[in-house]
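Structure first, commentary second.
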Amino acid sequence: MTTSITEMPKAGYGAAFIRGLKSFALLRESWVGMVGAFLVLFWVLVALFAPLLAPFDPNSSIQPFAKPGMEAIKTGGTFWLGTDHIGRDILSRIIWGSRTVLIYAPLATICAYTVGILMGLAAGYRGGWVDDVLSRIADIILSFPVLVLYIIIIATIGASGFNIIIAITFASSPGIMRIVRGLVLDLRNRDYVAAAQTRGESDWRVMLVEILPNARGPLIVDACLRLGYVIITIGVLGFLGLGLPPPDPDWGGMVNETRQMAMAFPHMTLFPCIAISSLILGFNLLADGLREISLRD
Amino acid sequence: MNTDQEPILVCKDLCISYYTRAGEIPAVVDFSLTVLPGETIGIVGESGCGKSTVAMAIMQHMGANGGIKSGSITFKGRDLTQLSDDELRNIRGSEVAMIYQEPFASLNPSLKISTQLMEVPLAHEDISTEEARKRALQMLGDVKLPDPERIMEAYPHQLSGGQQQRVVIAMGLLSNPSLLLLDEPTTALDVTVEAGIVKLVADISKKYGTSQIYISHNLGLILETCDRVFVMYSGEVVEEGTINSLFTWPRHPYTHGLFACIPLPTADKHAAPLKPIRGQLPLPFERPQGCYYHPRCDHFKEGLCDVDHFKMEHVVDSAPDHRVRCLRYKEIDIRLQTGEGEKKEALELGERVLNVDKMKKYYEVRDNSLKALISGKRIRYVKANEELNFTAHEGETVAIVGESGCGKSTFAKVLMGLEKGTEGEVRHLGKDISDIAVRDRSPKEIASLQMVFQNPFDTLNPSHSIGGQISRVIKKFGVESDKAKIFNRVMKLLDIVKLPRDFYFRKPRQLSGGQKQRIGIARAFAGNPSMVIADEPVSALDVSVAAAVTELLMDIQREHKTTLLFISHDLSVVRYLSDRIVVMYLGHILERGTTEQIFAPPYQPYTEALLSAVPIADPEVTKREIVLEGNLPSAMKPPKGCPFCTRCHRRIGEICDNEPPPEQVVTDRHVIKCHISLEELKQVEHVIHVPDEAERLHARQSQ
């Protein structure tokens, strides 16, 4: 016997954190993943330090129709990305808007995942009529065109941050449920699940402690991709006027408000669009990178 | 075999390496091999010893990260390492063919057998479709497949595993290759099916003059199929020789170790237990200096074995092609080596722990087809267990033997409370548990009936640490509740299964297969069970590891007086460790009795066939050959009479097809289910003949 331990180990959250960092460091080996992580990290930092970074108040009307690079006459300073038709600084609005996106998109994704995972676990593990009922519900929701579904929901319950989360959860949890269900169908036949069953563990413990952690690989990758879709959705909802109520900055809303002037003043729509797509691209590349790593080992 | 002939294949001083992120990994070192026409060469070794890498190198199909570092592979005078891709493509499949372990993975599931078979001659020769078809049909007949016409039109999933493997062998033979590589061709198959395939493989070289390289981890199979053997250890050949010289006079300590690990008919769990090889196979980049085997060798001599790497040398006083890689082989006394494990006390049997009485388990299958709706037969039954009767006592090892689909796992599920029995009783410690689900059993009842699972790579949850998983069991069973006490109990369990204590912090992926299985055993014994069900606990492990795990299991059993219910298909392991055997076929118990009673006449005909199918790695043991025809019938439509009537070699007529066989009591606890009278069954000869010491000596002297 090489070592002998007689002391109880201390619960090590610090060690777990370091292990988490280490597995993240594996991402270095995929340049695609690194680019994605960089893009996402960039926007996270922007959102965190929005008050320091934004040169102007995002909601105050300063100087309408300023071209990118023009000086602000009254207050001083430069409109690096120009202003919109009401005279608000686009750069500041994009910076503050990143907060909206990075708060609501992950929140909505987490909610959708919670519901989707619970449904998927129940359907996949219990099978039988539970599976039949849940799967049919999912089929019905998935048979609606997504956009129509959003419009119906938001139009019924009103446009607000909270309601966006509800709408997104409702529309995307069936898709998540299907993925989880598929993974569970495979994992539930493992011997360690049988071992847990034979020692009389409750169903929920088997599902959450024995099965779910082993499905995390594909789920994390899917969550990154889905986060990208949710950002698109929030953008689209903003564009349709179903997003956050004005005047708070919202990337989709910014495109919507200025789209009639897009021909004459392309900067008003172009920059918010670039912001949206760079963040989505970031999440998609990150997902690709994670998948690449998870396939390797 | 003719020694004057030009050899088919010559591998000379072959070194093969894989290149990975961790650097160069030498997979095979210094490998030399000559294959003569019509000869069958066996390569035997444990997993990771490089035997499959050799086969891949001969096929020149190494993958992107593998390469031949030095040496040559000459096939019929051409150096394979120098050929272009096009030239190799012409050789592969036409002159060298390979057969893999899993037949269902080798056949394309979306193409008919005919398409896949005809492709071989069509790709390599300039012949017409009709000609190719004719040859494919002919070949299917040659590999003894019934009704070749029907099989030609079938898809792979419509055939059984054994039939699929025969198709794969037919495919390999179709272009009449001069060399056939078989990589564990029967590992995925049942024993009686395996016996058929082995016979076929042995016939091929006779009939077609094809040279074969047969790769296996099973010494018994090698003995039955090959002319010469190569024993590999950690990437190099440690001993080679003809079957006769190597099996009779093994010289290398590792070869000895292997023989001491397999339960030969001479082994006995009390008097002559298995002797596992200590330590572990070194990883390729951790190989020691000098002899790779020296850290595990009992004859290690410092300053000699651990200095330089040395070459194979001829064994003095043996056949000219018997070579060994050992500096001390002359000094080692072989006789001291064989079967010299520690002697162990037999357990006295205690009171009755398990009593199975007319237990039945039927699964309902709902048929939703239109036909079933009209005929009204909506519900059909799969009869997984039919009238099971047997008992087990404290400290006893009862083995349930049968091939896949015989219902042994279903029975385990009913015992564990994962399924409910349909009828009858299963009394554990006096209480009928057949229809109590595991959820409704008390923690104490659950703890007293635990299970060791089959697949070591599946038995532990990869997401949780070893310590956490064992602690959970202890907590759940209410053995201890205080955190410090639980921890101490885990440490004690780790000691019992002979693993280092710092495994507490490890994740399952950091453990080898044998270590995982030990943790599985620790988990099962966490709550001091009165009975443990072991579902093929060692079938997925290498022989030396399996021996260690088997011995461990029995040591713990001895100490705790646990009843062990050992589920297995391997009769040689079962003969070694069990006191009583229950033979199952298609949900029925066909024979039950003590181990001696099962291995001696009267036999139930199925038992007889099973015994004959077990490969035994001892050239002096002779067996009667019984090869079963046909496949296991479906449990949805079992035969009306005796379940075994469709494949029985002793079928006596209509009565077998129409009437279920009666239980015939031979002695107190030896029962045979058969229509043939006991008097007649008693006339049958022994299937396995083990020579006694005098006969052995005589045989050796006359050689």
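Labels used: A, B, ... for chains in the order of the structure tokens, numbers from 1 for residues in each chain, and numbers from 1 for ligands as shown.
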
Where does chain B meet chain A within 6 Å, residue by residue, with the nearest atom pair and distance in Å to one decimal for each, counting only C-alpha atoms, listed by chain and rising number, as JSON lines?
```
{"residue": "B:Val438", "atom": "CA", "partner": "A:Gly200", "partner_atom": "CA", "distance": 5.6}
{"residue": "B:Arg439", "atom": "CA", "partner": "A:Gly200", "partner_atom": "CA", "distance": 5.3}
{"residue": "B:Asp458", "atom": "CA", "partner": "A:Asp191", "partner_atom": "CA", "distance": 5.3}
{"residue": "B:Thr459", "atom": "CA", "partner": "A:Tyr192", "partner_atom": "CA", "distance": 4.7}
{"residue": "B:Leu460", "atom": "CA", "partner": "A:Tyr192", "partner_atom": "CA", "distance": 5.3}
{"residue": "B:Asn461", "atom": "CA", "partner": "A:Tyr192", "partner_atom": "CA", "distance": 5.6}
{"residue": "B:Pro500", "atom": "CA", "partner": "A:Met1", "partner_atom": "CA", "distance": 5.2}
{"residue": "B:Arg501", "atom": "CA", "partner": "A:Ser4", "partner_atom": "CA", "distance": 5.5}
```

Exercise. Near stretch 469-475 of chain B, within 9 Å and counting only C-alpha atoms, which residues show up once chain neighbours fewer than 2 positions away are dropped, as JSON, numbers by chain?
Worked result: {"A": [196, 199], "B": [447, 460, 461, 464, 465, 466, 467, 477, 478, 479, 480, 481, 482, 483, 486, 487, 489, 490, 493, 504, 519, 522, 523, 524, 526, 527]}

For this session: Identify, on the basis of only C-alpha atoms, every residue whose closest approach to A:Val255 does not exceed 7 Å; exclude the query and any residue fewer than 6 positions from it along the same chain; express the result as a VMD selection string.
Result: chain A and resid 239 269 272

Export, as a PDB file, in the first residue's frame, the selected residues with C-alpha atoms.
```pdb
ATOM      1  CA  PHE A 239     -37.008  44.006 -33.806  1.00  0.00           C
ATOM      2  CA  THR A 269     -28.604  49.640 -37.936  1.00  0.00           C
ATOM      3  CA  PRO A 272     -26.121  46.932 -33.411  1.00  0.00           C
TER       4      PRO A 272
END
```

For this session: Assign secondary structure with DSSP using the backbone only, and return the residues of stretch 437-508 of chain B in alpha helix (DSSP H) as a ChimeraX atom specification.
Result: /B:443-447,466-476,483-496

So that I have them on file, write out the residues from the current selection with N, CA and C atoms, as a compact mmCIF listing (two decimals), in the first residue's frame.
```
# COMPACT_ATOMS: atom_id res chain seq x y z
N PRO B 443 -34.00 -1.02 4.42
CA PRO B 443 -32.58 -0.87 4.13
C PRO B 443 -31.79 -2.12 4.52
N LYS B 444 -32.22 -2.77 5.61
CA LYS B 444 -31.49 -3.95 6.06
C LYS B 444 -31.65 -5.09 5.06
N GLU B 445 -32.87 -5.26 4.57
CA GLU B 445 -33.12 -6.31 3.59
C GLU B 445 -32.33 -6.05 2.31
N ILE B 446 -32.33 -4.77 1.90
CA ILE B 446 -31.60 -4.43 0.68
C ILE B 446 -30.12 -4.70 0.87
N ALA B 447 -29.58 -4.27 2.03
CA ALA B 447 -28.15 -4.41 2.27
C ALA B 447 -27.73 -5.88 2.32
N ILE B 466 -14.60 7.77 -6.07
CA ILE B 466 -14.75 6.43 -5.49
C ILE B 466 -15.26 6.54 -4.06
N GLY B 467 -14.61 7.42 -3.29
CA GLY B 467 -14.99 7.58 -1.89
C GLY B 467 -16.46 7.95 -1.75
N GLY B 468 -16.89 8.90 -2.56
CA GLY B 468 -18.27 9.35 -2.51
C GLY B 468 -19.25 8.22 -2.79
N GLN B 469 -18.89 7.39 -3.76
CA GLN B 469 -19.81 6.33 -4.16
C GLN B 469 -19.94 5.25 -3.08
N ILE B 470 -18.81 4.92 -2.44
CA ILE B 470 -18.91 3.89 -1.40
C ILE B 470 -19.59 4.48 -0.16
N SER B 471 -19.26 5.75 0.16
CA SER B 471 -19.88 6.39 1.32
C SER B 471 -21.40 6.38 1.19
N ARG B 472 -21.86 6.67 -0.01
CA ARG B 472 -23.30 6.75 -0.24
C ARG B 472 -23.96 5.41 0.11
N VAL B 473 -23.32 4.32 -0.29
CA VAL B 473 -23.88 3.00 -0.02
C VAL B 473 -23.98 2.77 1.49
N ILE B 474 -22.89 3.13 2.18
CA ILE B 474 -22.87 2.91 3.63
C ILE B 474 -23.96 3.73 4.32
N LYS B 475 -24.12 4.97 3.86
CA LYS B 475 -25.12 5.85 4.44
C LYS B 475 -26.52 5.32 4.14
N LYS B 476 -26.70 4.92 2.90
CA LYS B 476 -28.02 4.46 2.47
C LYS B 476 -28.45 3.22 3.24
N LYS B 483 -20.21 11.02 9.94
CA LYS B 483 -19.33 11.21 8.79
C LYS B 483 -17.97 10.55 8.96
N ALA B 484 -17.39 10.74 10.14
CA ALA B 484 -16.06 10.19 10.38
C ALA B 484 -16.11 8.66 10.37
N LYS B 485 -17.19 8.11 10.92
CA LYS B 485 -17.31 6.65 10.96
C LYS B 485 -17.49 6.08 9.55
N ILE B 486 -18.27 6.79 8.75
CA ILE B 486 -18.45 6.36 7.36
C ILE B 486 -17.10 6.33 6.66
N PHE B 487 -16.34 7.39 6.88
CA PHE B 487 -15.02 7.48 6.25
C PHE B 487 -14.14 6.29 6.66
N ASN B 488 -14.16 5.99 7.94
CA ASN B 488 -13.35 4.87 8.42
C ASN B 488 -13.79 3.55 7.80
N ARG B 489 -15.10 3.42 7.65
CA ARG B 489 -15.64 2.19 7.05
C ARG B 489 -15.19 2.06 5.59
N VAL B 490 -15.18 3.20 4.86
CA VAL B 490 -14.72 3.17 3.48
C VAL B 490 -13.26 2.73 3.43
N MET B 491 -12.45 3.28 4.33
CA MET B 491 -11.04 2.91 4.39
C MET B 491 -10.89 1.41 4.62
N LYS B 492 -11.71 0.88 5.52
CA LYS B 492 -11.64 -0.53 5.83
C LYS B 492 -12.01 -1.37 4.60
N LEU B 493 -13.05 -0.92 3.91
CA LEU B 493 -13.48 -1.65 2.70
C LEU B 493 -12.38 -1.62 1.65
N LEU B 494 -11.71 -0.46 1.49
CA LEU B 494 -10.62 -0.37 0.52
C LEU B 494 -9.50 -1.34 0.90
N ASP B 495 -9.25 -1.46 2.21
CA ASP B 495 -8.25 -2.42 2.66
C ASP B 495 -8.66 -3.84 2.31
N ILE B 496 -9.94 -4.13 2.53
CA ILE B 496 -10.43 -5.49 2.28
C ILE B 496 -10.24 -5.87 0.82
```

Exercise. Could you write out, as a ChimeraX atom specification, all the residues of stretch 114-227 of chain B that DSSP marks as strand (DSSP E)?
Worked result: /B:179-183,211-216

Problem set entry | Exercise: A:Ala155 partners within 8 Å, only C-alpha atoms, chain neighbours under 4 positions left out, as a PyMOL selection string | chain A and resi 151+159+242

For this session: For A:Leu81, please output as a ChimeraX atom specification all residues within 6 Å (counting only C-alpha atoms; exclusion window: fewer than 2 positions along the same chain).
Result: /A:68,79,90-91

Exercise. Which residues come within 9 Å of A:Glu292, counting only C-alpha atoms, excluding same-chain residues fewer than 5 positions away, as a ChimeraX atom specification?
Worked result: /A:27,30,33,287

For this session: Within 8 Å of B:Arg669, counting only C-alpha atoms, which residues show up once you throw out same-chain ones fewer than 6 positions away? Write them as a PyMOL selection string, please.
Result: chain B and resi 592-594

Exercise. In Å, with one decimal, what is the gap from atom CA of A:His85 to atom CA of A:Gln260?
Worked result: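 So the two atoms, atom CA of A:His85 and atom CA of A:Gln260, lie 10.4 Å apart.
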